[in-house]
Amino acid sequence: MTAPVAGGTGRRVVVTGGAGFIGSHLCERLLERGDAVVCFDDFSTGRLENVDGLRDRPGFELHQVDVSAGMDVEGAVDAVAHLACPASPPRYLERPLETLQVCSEGTRRALDLADACGARFLLASTSEVYGDPEEHPQREAYWGHVNPVGPRSVYDEGKRFAESMSMAWRRSRGTDVGIVRIFNTYGPRLQPDDGRVVSNFLIQALHGEPLTVYGDGSQTRSLCYVDDLVDGLVRMLDADHAGPVNLGNPDEYTVLELAEVVIELTASSSSIEHRPLPEDDPGRRRPDIALAGEVLGWKPMTPLSEGLRRTAEYLAAVT
Ligand code: UDP
């Protein structure tokens, strides 16, 4: 059992997927404020390197566990943050069955743990629940436009099911559930082979290779720097609001604009090369974050240029 952190908050938080990109930043932030952290990860997409720097910190416990198969925690738990899930399209498309499994059975087990401990349960859901949205920007009240049988559905529908399950636990068992819908997030610890747009573009630009723009690049995304996102996650952990609450940066760019920003920022000689658009790739995405402002007092602070600069520094060091 994790010893309480001396001079800490006395709180103990379980983070599933804690060695992942966002999960590792969340573990770090919680430790910094004096919480004890129990991190579960099966290292299928999470990396040991992401939490290496945390392993000697007081109050940090790391377990290699597939949360879909179950997790044992001894002692008191104040909150369970359920982040375990492959989140990059190439990674969840490689692991369709595991993705569905962690969204369903993994979520059930995490909910049961929170319920048994009387803990707050935070579900890391996604803007993908809106699918290829017909409403723009996306408000939480929008029900979405998802292809239930397309290849992306393992993630989109998996997370929709996880949201449904979380709300059912709240209604029938009174579990203290909170749901956040996370929009595109980037920052240090994005893996070079992650396949997402920011890591691909930055690595390509740093290596002078062509930037691979899928389709004509007119599709939009709104990119949130990971430190801002984690600030929103912590606020939602501490709140008692059920959500769902959108967390993302409303500054919207076309993918082509992003490619141009990356080339300029890295002073790269790279060109732009178009590749086929993946199936069911959403055309537009931008969060309405009024609710996050109202109930969490949250808004993102980091400008894209600053966030990209820090991410480029990280990727240059690891590639
Ligand atoms: N994309 C791209 N080139 C890449 C990787 C992604 O043009 O090398 C596009 C992708 O088709 C999508 C957007 O960038 O329209 C964001 O993709 P990502 O995989 O980062 O996240 P998504 O929002 O699709 O989950």
# chains A, B, ... in the order shown; residues from 1 in each chain; ligands from 1
>>> residues_near_ligand(ligand="ligand 1", cutoff="7 Å", atoms="only C-alpha atoms and all ligand atoms", output="ChimeraX atom specification")
/A:88-89,184,195-198,200-201,211-215,217,219-221,255,277-278,281-283
>>> atom_distance(atom1="CA of Ala81 (chain A)", atom2="CA of Phe21 (chain A)")
14.0 Å
>>> atom_distance(atom1="CA of Lys299 (chain A)", atom2="CA of Leu229 (chain A)")
8.9 Å
>>> residues_around(residues="Val245 (chain A)", least_positions_apart="6", cutoff="8 Å", atoms="only C-alpha atoms", output="PyMOL selection string")
chain A and resi 140+179-181+289+291-292
>>> write_last_selection(atoms="N, CA, C and O atoms", output="PDB file, in the first residue's frame")
ATOM      1  N   GLU A 140     -21.816  19.967 -25.118  1.00  0.00           N
ATOM      2  CA  GLU A 140     -22.020  18.680 -24.463  1.00  0.00           C
ATOM      3  C   GLU A 140     -23.408  18.118 -24.754  1.00  0.00           C
ATOM      4  O   GLU A 140     -23.625  16.901 -24.723  1.00  0.00           O
ATOM      5  N   ILE A 179     -17.624  12.901 -15.888  1.00  0.00           N
ATOM      6  CA  ILE A 179     -17.161  12.555 -17.243  1.00  0.00           C
ATOM      7  C   ILE A 179     -16.573  13.792 -17.904  1.00  0.00           C
ATOM      8  O   ILE A 179     -17.204  14.853 -17.925  1.00  0.00           O
ATOM      9  N   VAL A 180     -15.363  13.641 -18.454  1.00  0.00           N
ATOM     10  CA  VAL A 180     -14.808  14.711 -19.293  1.00  0.00           C
ATOM     11  C   VAL A 180     -14.645  14.179 -20.711  1.00  0.00           C
ATOM     12  O   VAL A 180     -14.323  13.013 -20.917  1.00  0.00           O
ATOM     13  N   ARG A 181     -14.895  15.040 -21.680  1.00  0.00           N
ATOM     14  CA  ARG A 181     -14.675  14.694 -23.087  1.00  0.00           C
ATOM     15  C   ARG A 181     -13.434  15.464 -23.550  1.00  0.00           C
ATOM     16  O   ARG A 181     -13.471  16.691 -23.684  1.00  0.00           O
ATOM     17  N   ILE A 289     -16.435  25.348 -24.766  1.00  0.00           N
ATOM     18  CA  ILE A 289     -15.950  25.085 -23.406  1.00  0.00           C
ATOM     19  C   ILE A 289     -16.625  25.986 -22.359  1.00  0.00           C
ATOM     20  O   ILE A 289     -16.094  26.191 -21.271  1.00  0.00           O
ATOM     21  N   LEU A 291     -19.176  25.342 -20.533  1.00  0.00           N
ATOM     22  CA  LEU A 291     -19.514  24.596 -19.313  1.00  0.00           C
ATOM     23  C   LEU A 291     -18.280  24.424 -18.415  1.00  0.00           C
ATOM     24  O   LEU A 291     -18.364  24.591 -17.192  1.00  0.00           O
ATOM     25  N   ALA A 292     -17.131  24.120 -19.023  1.00  0.00           N
ATOM     26  CA  ALA A 292     -15.898  23.962 -18.232  1.00  0.00           C
ATOM     27  C   ALA A 292     -15.559  25.271 -17.523  1.00  0.00           C
ATOM     28  O   ALA A 292     -15.088  25.262 -16.369  1.00  0.00           O
TER      29      ALA A 292
END
>>> residues_around(residues="Asp228 (chain A)", least_positions_apart="5", cutoff="8 Å", atoms="only C-alpha atoms", output="number ranges by chain")
A: 299-302
>>> select_by_dssp(residues="region 53-216 of chain A", states="helix (DSSP H, G or I)", output="ChimeraX atom specification")
/A:89-94,96-117,127-130,153-173,197-206
>>> atom_distance(atom1="CA of Thr9 (chain A)", atom2="CA of Met236 (chain A)")
16.9 Å
>>> residues_around(residues="Ser127 (chain A)", least_positions_apart="5", cutoff="10 Å", atoms="only C-alpha atoms", output="ChimeraX atom specification")
/A:132-133,138,140,144,156,159,180-184,246-248,285-287
>>> write_last_selection(atoms="C-alpha atoms", output="short mmCIF file (atom, residue, chain, number, x, y, z; two decimals), in the first residue's frame")
data_model
loop_
_atom_site.label_atom_id
_atom_site.label_comp_id
_atom_site.auth_asym_id
_atom_site.auth_seq_id
_atom_site.Cartn_x
_atom_site.Cartn_y
_atom_site.Cartn_z
CA ASP A 132 -18.17 13.52 -37.63
CA PRO A 133 -20.19 16.34 -36.07
CA GLN A 138 -19.65 20.86 -30.25
CA GLU A 140 -22.02 18.68 -24.46
CA GLY A 144 -23.11 13.13 -32.01
CA ASP A 156 -16.10 6.11 -30.55
CA LYS A 159 -16.25 5.53 -25.14
CA VAL A 180 -14.81 14.71 -19.29
CA ARG A 181 -14.68 14.69 -23.09
CA ILE A 182 -11.08 15.30 -24.08
CA PHE A 183 -10.38 17.00 -27.41
CA ASN A 184 -7.12 16.66 -29.35
CA ASN A 246 -15.70 19.27 -22.74
CA LEU A 247 -11.98 19.89 -22.17
CA GLY A 248 -10.11 21.25 -25.15
CA ARG A 285 -13.83 19.56 -34.49
CA ARG A 286 -13.94 22.41 -32.01
CA PRO A 287 -15.09 22.32 -28.40
#
>>> closest_residue(among="A:Val129, A:Leu296, A:Leu190, A:Val67", to="Arg310 (chain A)", atoms="only C-alpha atoms")
A:Leu190
>>> select_by_dssp(residues="region 160-264 of chain A", states="strand (DSSP E or B)", output="PyMOL selection string")
chain A and resi 176-182+185-186+211-214+220-222+224-225+245-247+252-254
>>> residues_around(residues="region 118-120 of chain A", least_positions_apart="3", cutoff="6 Å", atoms="only C-alpha atoms", output="list in words")
Asp78, Ala79, Ala114, Asp115 and Asp176 of chain A
>>> write_last_selection(atoms="all heavy atoms", output="short mmCIF file (atom, residue, chain, number, x, y, z; two decimals), in the first residue's frame")
data_model
loop_
_atom_site.label_atom_id
_atom_site.label_comp_id
_atom_site.auth_asym_id
_atom_site.auth_seq_id
_atom_site.Cartn_x
_atom_site.Cartn_y
_atom_site.Cartn_z
N ASP A 78 -9.42 7.69 -2.70
CA ASP A 78 -10.31 8.85 -2.72
C ASP A 78 -10.86 9.14 -4.11
O ASP A 78 -11.91 9.76 -4.26
CB ASP A 78 -9.57 10.09 -2.21
CG ASP A 78 -9.10 9.88 -0.78
OD1 ASP A 78 -9.96 9.87 0.10
OD2 ASP A 78 -7.89 9.67 -0.58
N ALA A 79 -10.08 8.73 -5.14
CA ALA A 79 -10.55 8.98 -6.51
C ALA A 79 -9.94 7.96 -7.46
O ALA A 79 -8.83 7.47 -7.23
CB ALA A 79 -10.17 10.40 -6.94
N ALA A 114 -14.19 2.25 -7.61
CA ALA A 114 -14.60 3.55 -7.05
C ALA A 114 -15.80 3.37 -6.13
O ALA A 114 -15.86 3.93 -5.02
CB ALA A 114 -14.92 4.54 -8.18
N ASP A 115 -16.75 2.57 -6.58
CA ASP A 115 -17.97 2.33 -5.81
C ASP A 115 -17.64 1.69 -4.45
O ASP A 115 -18.13 2.13 -3.41
CB ASP A 115 -18.89 1.42 -6.64
CG ASP A 115 -20.26 1.32 -6.04
OD1 ASP A 115 -20.80 2.35 -5.62
OD2 ASP A 115 -20.78 0.18 -5.95
N ASP A 176 -20.04 8.48 -7.37
CA ASP A 176 -19.73 9.90 -7.63
C ASP A 176 -18.95 10.00 -8.95
O ASP A 176 -17.73 10.09 -8.97
CB ASP A 176 -18.90 10.44 -6.45
CG ASP A 176 -18.52 11.89 -6.65
OD1 ASP A 176 -19.07 12.56 -7.54
OD2 ASP A 176 -17.62 12.34 -5.90
#
>>> closest_residue(among="A:Arg189, A:Arg12, A:His25, A:Arg284", to="Leu83 (chain A)", atoms="only C-alpha atoms")
A:His25
>>> residues_around(residues="Arg309 (chain A)", least_positions_apart="3", cutoff="10 Å", atoms="only C-alpha atoms", output="list in words")
Gly187, Pro188, Leu202, Val262, Leu265, Thr266, Leu304, Ser305, Glu306, Ala312, Glu313, Tyr314 and Leu315 of chain A
>>> write_last_selection(atoms="N, CA, C and O atoms", output="short mmCIF file (atom, residue, chain, number, x, y, z; two decimals), in the first residue's frame")
data_model
loop_
_atom_site.label_atom_id
_atom_site.label_comp_id
_atom_site.auth_asym_id
_atom_site.auth_seq_id
_atom_site.Cartn_x
_atom_site.Cartn_y
_atom_site.Cartn_z
N GLY A 187 1.70 17.42 -26.64
CA GLY A 187 2.71 17.89 -25.71
C GLY A 187 3.81 16.87 -25.57
O GLY A 187 3.79 15.83 -26.22
N PRO A 188 4.80 17.15 -24.72
CA PRO A 188 5.86 16.20 -24.46
C PRO A 188 5.27 14.86 -24.01
O PRO A 188 4.24 14.83 -23.33
N LEU A 202 5.65 17.21 -36.50
CA LEU A 202 6.88 17.74 -35.89
C LEU A 202 8.08 16.88 -36.23
O LEU A 202 9.14 17.40 -36.59
N VAL A 262 3.80 24.37 -38.35
CA VAL A 262 4.90 23.51 -37.90
C VAL A 262 6.15 23.77 -38.73
O VAL A 262 7.26 23.88 -38.20
N LEU A 265 7.57 27.17 -37.63
CA LEU A 265 8.11 27.15 -36.27
C LEU A 265 9.43 26.40 -36.17
O LEU A 265 10.30 26.75 -35.37
N THR A 266 9.58 25.34 -36.97
CA THR A 266 10.81 24.54 -36.89
C THR A 266 11.83 25.01 -37.94
O THR A 266 12.88 24.40 -38.08
N LEU A 304 -0.62 27.96 -29.11
CA LEU A 304 -0.17 26.84 -29.95
C LEU A 304 1.34 26.90 -30.21
O LEU A 304 2.04 25.89 -30.11
N SER A 305 1.86 28.11 -30.49
CA SER A 305 3.28 28.21 -30.84
C SER A 305 4.16 27.76 -29.67
O SER A 305 5.15 27.04 -29.85
N GLU A 306 3.76 28.15 -28.45
CA GLU A 306 4.54 27.78 -27.27
C GLU A 306 4.45 26.27 -27.00
O GLU A 306 5.45 25.60 -26.74
N ALA A 312 8.22 20.03 -29.69
CA ALA A 312 9.32 19.81 -30.65
C ALA A 312 10.62 19.53 -29.90
O ALA A 312 11.39 18.64 -30.28
N GLU A 313 10.84 20.25 -28.80
CA GLU A 313 12.05 20.03 -27.99
C GLU A 313 12.09 18.59 -27.48
O GLU A 313 13.12 17.93 -27.55
N TYR A 314 10.94 18.12 -27.00
CA TYR A 314 10.87 16.75 -26.49
C TYR A 314 11.13 15.74 -27.61
O TYR A 314 11.95 14.83 -27.46
N LEU A 315 10.45 15.93 -28.73
CA LEU A 315 10.58 14.96 -29.82
C LEU A 315 11.99 14.97 -30.41
O LEU A 315 12.52 13.93 -30.80
#
>>> decode(residues="region 35-69 of chain A", atoms="N, CA, C and O atoms", output="mmCIF file, in the first residue's frame")
data_model
loop_
_atom_site.group_PDB
_atom_site.id
_atom_site.type_symbol
_atom_site.label_atom_id
_atom_site.label_comp_id
_atom_site.auth_asym_id
_atom_site.auth_seq_id
_atom_site.Cartn_x
_atom_site.Cartn_y
_atom_site.Cartn_z
ATOM 1 N N ASP A 35 -0.719 14.427 -3.434
ATOM 2 C CA ASP A 35 -1.553 13.226 -3.399
ATOM 3 C C ASP A 35 -0.652 11.995 -3.537
ATOM 4 O O ASP A 35 0.413 12.075 -4.162
ATOM 5 N N ALA A 36 -1.094 10.862 -2.973
ATOM 6 C CA ALA A 36 -0.456 9.580 -3.295
ATOM 7 C C ALA A 36 -1.131 9.053 -4.561
ATOM 8 O O ALA A 36 -2.322 9.289 -4.782
ATOM 9 N N VAL A 37 -0.362 8.351 -5.402
ATOM 10 C CA VAL A 37 -0.889 7.902 -6.694
ATOM 11 C C VAL A 37 -0.611 6.422 -6.886
ATOM 12 O O VAL A 37 0.529 5.968 -6.724
ATOM 13 N N VAL A 38 -1.662 5.671 -7.236
ATOM 14 C CA VAL A 38 -1.502 4.269 -7.627
ATOM 15 C C VAL A 38 -1.714 4.206 -9.130
ATOM 16 O O VAL A 38 -2.811 4.485 -9.623
ATOM 17 N N CYS A 39 -0.659 3.861 -9.854
ATOM 18 C CA CYS A 39 -0.711 3.896 -11.321
ATOM 19 C C CYS A 39 -0.830 2.474 -11.871
ATOM 20 O O CYS A 39 -0.016 1.609 -11.551
ATOM 21 N N PHE A 40 -1.864 2.239 -12.687
ATOM 22 C CA PHE A 40 -2.022 0.952 -13.365
ATOM 23 C C PHE A 40 -1.821 1.157 -14.859
ATOM 24 O O PHE A 40 -2.422 2.067 -15.455
ATOM 25 N N ASP A 41 -1.017 0.286 -15.459
ATOM 26 C CA ASP A 41 -0.844 0.358 -16.913
ATOM 27 C C ASP A 41 -0.379 -1.006 -17.398
ATOM 28 O O ASP A 41 0.404 -1.674 -16.714
ATOM 29 N N ASP A 42 -0.856 -1.429 -18.557
ATOM 30 C CA ASP A 42 -0.362 -2.713 -19.098
ATOM 31 C C ASP A 42 0.774 -2.484 -20.096
ATOM 32 O O ASP A 42 1.284 -3.439 -20.682
ATOM 33 N N PHE A 43 1.153 -1.238 -20.298
ATOM 34 C CA PHE A 43 2.245 -0.859 -21.205
ATOM 35 C C PHE A 43 2.003 -1.301 -22.645
ATOM 36 O O PHE A 43 2.946 -1.501 -23.398
ATOM 37 N N SER A 44 0.733 -1.454 -23.023
ATOM 38 C CA SER A 44 0.450 -1.776 -24.431
ATOM 39 C C SER A 44 0.669 -0.520 -25.280
ATOM 40 O O SER A 44 1.280 -0.581 -26.334
ATOM 41 N N THR A 45 0.177 0.612 -24.816
ATOM 42 C CA THR A 45 0.511 1.868 -25.488
ATOM 43 C C THR A 45 1.209 2.842 -24.531
ATOM 44 O O THR A 45 1.853 3.777 -24.986
ATOM 45 N N GLY A 46 1.082 2.613 -23.247
ATOM 46 C CA GLY A 46 1.834 3.432 -22.272
ATOM 47 C C GLY A 46 3.292 3.001 -22.262
ATOM 48 O O GLY A 46 3.636 1.931 -22.754
ATOM 49 N N ARG A 47 4.155 3.863 -21.728
ATOM 50 C CA ARG A 47 5.600 3.568 -21.716
ATOM 51 C C ARG A 47 6.162 3.733 -20.318
ATOM 52 O O ARG A 47 5.830 4.716 -19.638
ATOM 53 N N LEU A 48 7.044 2.813 -19.956
ATOM 54 C CA LEU A 48 7.730 2.908 -18.671
ATOM 55 C C LEU A 48 8.512 4.223 -18.575
ATOM 56 O O LEU A 48 8.542 4.865 -17.520
ATOM 57 N N GLU A 49 9.112 4.644 -19.694
ATOM 58 C CA GLU A 49 9.904 5.897 -19.677
ATOM 59 C C GLU A 49 9.040 7.080 -19.223
ATOM 60 O O GLU A 49 9.559 8.035 -18.644
ATOM 61 N N ASN A 50 7.746 7.038 -19.521
ATOM 62 C CA ASN A 50 6.880 8.168 -19.153
ATOM 63 C C ASN A 50 6.799 8.369 -17.641
ATOM 64 O O ASN A 50 6.531 9.478 -17.179
ATOM 65 N N VAL A 51 6.958 7.268 -16.891
ATOM 66 C CA VAL A 51 6.822 7.373 -15.423
ATOM 67 C C VAL A 51 8.129 7.083 -14.695
ATOM 68 O O VAL A 51 8.159 7.054 -13.466
ATOM 69 N N ASP A 52 9.192 6.877 -15.453
ATOM 70 C CA ASP A 52 10.501 6.591 -14.845
ATOM 71 C C ASP A 52 10.874 7.623 -13.804
ATOM 72 O O ASP A 52 11.339 7.280 -12.715
ATOM 73 N N GLY A 53 10.655 8.880 -14.130
ATOM 74 C CA GLY A 53 11.023 9.977 -13.226
ATOM 75 C C GLY A 53 10.149 10.037 -11.983
ATOM 76 O O GLY A 53 10.440 10.794 -11.058
ATOM 77 N N LEU A 54 9.064 9.264 -11.957
ATOM 78 C CA LEU A 54 8.140 9.328 -10.811
ATOM 79 C C LEU A 54 8.362 8.187 -9.828
ATOM 80 O O LEU A 54 7.850 8.212 -8.717
ATOM 81 N N ARG A 55 9.128 7.174 -10.265
ATOM 82 C CA ARG A 55 9.166 5.935 -9.496
ATOM 83 C C ARG A 55 9.785 6.095 -8.119
ATOM 84 O O ARG A 55 9.454 5.351 -7.205
ATOM 85 N N ASP A 56 10.677 7.073 -7.963
ATOM 86 C CA ASP A 56 11.298 7.292 -6.646
ATOM 87 C C ASP A 56 10.560 8.337 -5.821
ATOM 88 O O ASP A 56 10.965 8.655 -4.708
ATOM 89 N N ARG A 57 9.511 8.898 -6.393
ATOM 90 C CA ARG A 57 8.810 9.953 -5.641
ATOM 91 C C ARG A 57 7.995 9.338 -4.506
ATOM 92 O O ARG A 57 7.339 8.312 -4.711
ATOM 93 N N PRO A 58 7.993 9.969 -3.347
ATOM 94 C CA PRO A 58 7.158 9.457 -2.251
ATOM 95 C C PRO A 58 5.697 9.429 -2.683
ATOM 96 O O PRO A 58 5.230 10.373 -3.326
ATOM 97 N N GLY A 59 5.028 8.338 -2.357
ATOM 98 C CA GLY A 59 3.590 8.262 -2.640
ATOM 99 C C GLY A 59 3.251 7.699 -4.005
ATOM 100 O O GLY A 59 2.076 7.632 -4.364
ATOM 101 N N PHE A 60 4.240 7.264 -4.776
ATOM 102 C CA PHE A 60 3.934 6.728 -6.113
ATOM 103 C C PHE A 60 4.074 5.211 -6.119
ATOM 104 O O PHE A 60 5.067 4.655 -5.671
ATOM 105 N N GLU A 61 3.059 4.544 -6.647
ATOM 106 C CA GLU A 61 3.038 3.085 -6.735
ATOM 107 C C GLU A 61 2.694 2.720 -8.172
ATOM 108 O O GLU A 61 1.737 3.271 -8.732
ATOM 109 N N LEU A 62 3.453 1.800 -8.759
ATOM 110 C CA LEU A 62 3.237 1.445 -10.166
ATOM 111 C C LEU A 62 2.974 -0.044 -10.286
ATOM 112 O O LEU A 62 3.713 -0.856 -9.732
ATOM 113 N N HIS A 63 1.898 -0.406 -11.013
ATOM 114 C CA HIS A 63 1.576 -1.823 -11.224
ATOM 115 C C HIS A 63 1.359 -2.080 -12.697
ATOM 116 O O HIS A 63 0.566 -1.365 -13.329
ATOM 117 N N GLN A 64 2.024 -3.103 -13.215
ATOM 118 C CA GLN A 64 1.765 -3.507 -14.599
ATOM 119 C C GLN A 64 0.555 -4.437 -14.592
ATOM 120 O O GLN A 64 0.644 -5.598 -14.187
ATOM 121 N N VAL A 65 -0.566 -3.921 -15.051
ATOM 122 C CA VAL A 65 -1.844 -4.629 -14.950
ATOM 123 C C VAL A 65 -2.713 -4.267 -16.150
ATOM 124 O O VAL A 65 -2.750 -3.100 -16.559
ATOM 125 N N ASP A 66 -3.387 -5.269 -16.705
ATOM 126 C CA ASP A 66 -4.430 -4.996 -17.691
ATOM 127 C C ASP A 66 -5.710 -4.734 -16.900
ATOM 128 O O ASP A 66 -6.275 -5.654 -16.304
ATOM 129 N N VAL A 67 -6.167 -3.496 -16.899
ATOM 130 C CA VAL A 67 -7.302 -3.153 -16.016
ATOM 131 C C VAL A 67 -8.594 -3.866 -16.434
ATOM 132 O O VAL A 67 -9.503 -4.015 -15.628
ATOM 133 N N SER A 68 -8.645 -4.346 -17.676
ATOM 134 C CA SER A 68 -9.827 -5.109 -18.099
ATOM 135 C C SER A 68 -9.897 -6.442 -17.356
ATOM 136 O O SER A 68 -10.974 -7.027 -17.210
ATOM 137 N N ALA A 69 -8.728 -6.941 -16.908
ATOM 138 C CA ALA A 69 -8.690 -8.222 -16.199
ATOM 139 C C ALA A 69 -8.867 -8.026 -14.696
ATOM 140 O O ALA A 69 -9.032 -8.995 -13.964
#
